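Engineer: Encoded as structure tokens, here's the structure I'll be asking about.
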Amino acid sequence: MTEDPPREGPPSPDEEAAAGGRGTAFRFFLLPLLVVGTAVGVFWIFSRMTFERRSPADYLQEVRGGTANRRWQAAFELSRSLPNLEAPEREALAAETLRIFQSLSPTRPDDVPVRRYLVLVLGKLSDPAAVEPLLAATKDPDADTRLYAVWALGKLGDARALPAVTEASLSEDAGMRKMAAYVLGQFHDRAATPRLEVLLGDPVADVRWNAAIALASLGDAAGLEVLRSMIDRDALGRQAALTADQAETAMVGAAKALALLRDEGSRALLEKAAKNDPNLRVRAAARDALAAIGNRP
């Protein structure tokens, strides 16, 4: 879960706690990229200096007619700052974003970073008309666009995307497998279960973690051992080098998933975390999981 170096434009973001799905476990997946577009460091300062608050229409106008640098910056800003919109305005914005996206070339250097961020916009706007273009974008020449397209398809939750996301989970790129494991859980479709069970054995730890949480969200306990290894801070540390925030996110995610499964066999680990973990959020999540499991028989 490290931050990828920028290919072009702003630094690639790092991870997202995505909301939605059955229960609350979906909020604690460990993603390879923060596809909502959180800016960091110098770019954040630069963007604040060069972009005053604008409307979505203003950003799209900049995408259409700005200079090369201004175009991707406007697309980026739009992807991270979409306001709450009424349905007619949201539909019009989605239609115009899709029209612009489809007019851009996946091989023209100036268009590539613009397409990346418009993919994020299409995912956040959740327009069903974007499904087919996003499916095509999973084959894009640009790796970031492919990754963002898989995330966006998860936001749309359309069953037509399940085969494409399953194929993405076969990627040699660990970041793509992490994303695909997360997204497979967002379709709420047990057809994803066989592939998620395979991903439980992935050599990369947070691919396994995402797969286990996704399975729990589907009511499947196949990832129990992985989840137990996540709620145990010592076992977690042996699997991957994590920052304090990353360890907290993993442990809270595991606790939420164990709460969904109401796994009595995890009680001792949860009690240990609830009493002794140094992090307040982890202790609270473990207590919530214990409450979901209920009193001992």
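Letters A, B, ... mark the chains of the structure tokens in the order given; residue numbers begin at 1 per chain; ligand numbers begin at 1, in order shown.
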Once you count only C-alpha atoms, what closest atom pair and distance in Å to one decimal does each residue of segment 148-264 of chain A within 10 Å of segment 115-131 of chain A have, with rows by chain and rising residue number, as CSV?

Structural biologist:
```
residue,atom,partner,partner_atom,distance
A:Tyr148,CA,A:Leu120,CA,6.3
A:Ala149,CA,A:Val119,CA,6.0
A:Val150,CA,A:Gly123,CA,9.3
A:Trp151,CA,A:Gly123,CA,7.4
A:Ala152,CA,A:Gly123,CA,3.9
A:Leu153,CA,A:Gly123,CA,6.5
A:Gly154,CA,A:Gly123,CA,7.9
A:Lys155,CA,A:Gly123,CA,5.6
A:Leu156,CA,A:Ser126,CA,5.1
A:Gly157,CA,A:Ser126,CA,8.7
A:Asp158,CA,A:Val131,CA,7.4
A:Ala159,CA,A:Val131,CA,9.9
A:Arg160,CA,A:Val131,CA,8.0
A:Ala161,CA,A:Val131,CA,7.6
```

Engineer: So that I can check the surroundings of segment 222-233 of chain A, please list as an NGL selection string every protein, DNA and RNA residue that reaches within 7 Å of it, counting only C-alpha atoms and ignoring chain neighbours fewer than 3 positions away.

Structural biologist: :A and (197 or 200 or 209 or 212 or 215 or 236-237 or 250-251 or 254-255 or 266 or 269)

Engineer: List the neighbours of Pro56 of chain A out to 9 Å using only C-alpha atoms; skip same-chain residues closer than 3 positions along the sequence, and give me the result as a list in words.

Structural biologist: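 Listed by chain and then number, they are Tyr59, Leu60, Gln61, Leu78, Ser81, Leu82, Pro83 and Leu93 of chain A.
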
Engineer: What is the atom CA of Leu135 of chain A to atom CA of Arg190 of chain A distance in Å?

Structural biologist: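 Atom-to-atom, atom CA of Leu135 of chain A and atom CA of Arg190 of chain A are spaced 20.6 Å apart.
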
Engineer: Do you have the atom CA of Arg238 of chain A-atom CA of Pro203 of chain A distance handy?

Structural biologist: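 Between atom CA of Arg238 of chain A and atom CA of Pro203 of chain A the gap works out to 13.4 Å.
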
Engineer: For atom CA of Arg287 of chain A and atom CA of Phe187 of chain A, quote the distance in Å rounded to one decimal.

Structural biologist: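 Value for the atom CA of Arg287 of chain A-atom CA of Phe187 of chain A distance: 28.5 Å.
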
Engineer: I need the residues of segment 31-151 of chain A that end up classed as helix (DSSP H, G or I) by DSSP on the backbone, written out as JSON, numbers by chain.

Structural biologist: {"A": [41, 42, 43, 44, 45, 46, 47, 48, 49, 50, 56, 57, 58, 59, 60, 61, 62, 63, 64, 65, 68, 69, 70, 71, 72, 73, 74, 75, 76, 77, 78, 79, 80, 87, 88, 89, 90, 91, 92, 93, 94, 95, 96, 97, 98, 99, 100, 101, 102, 103, 112, 113, 114, 115, 116, 117, 118, 119, 120, 121, 122, 123, 124, 125, 128, 129, 130, 131, 132, 133, 134, 135, 136, 137, 143, 144, 145, 146, 147, 148, 149, 150, 151]}
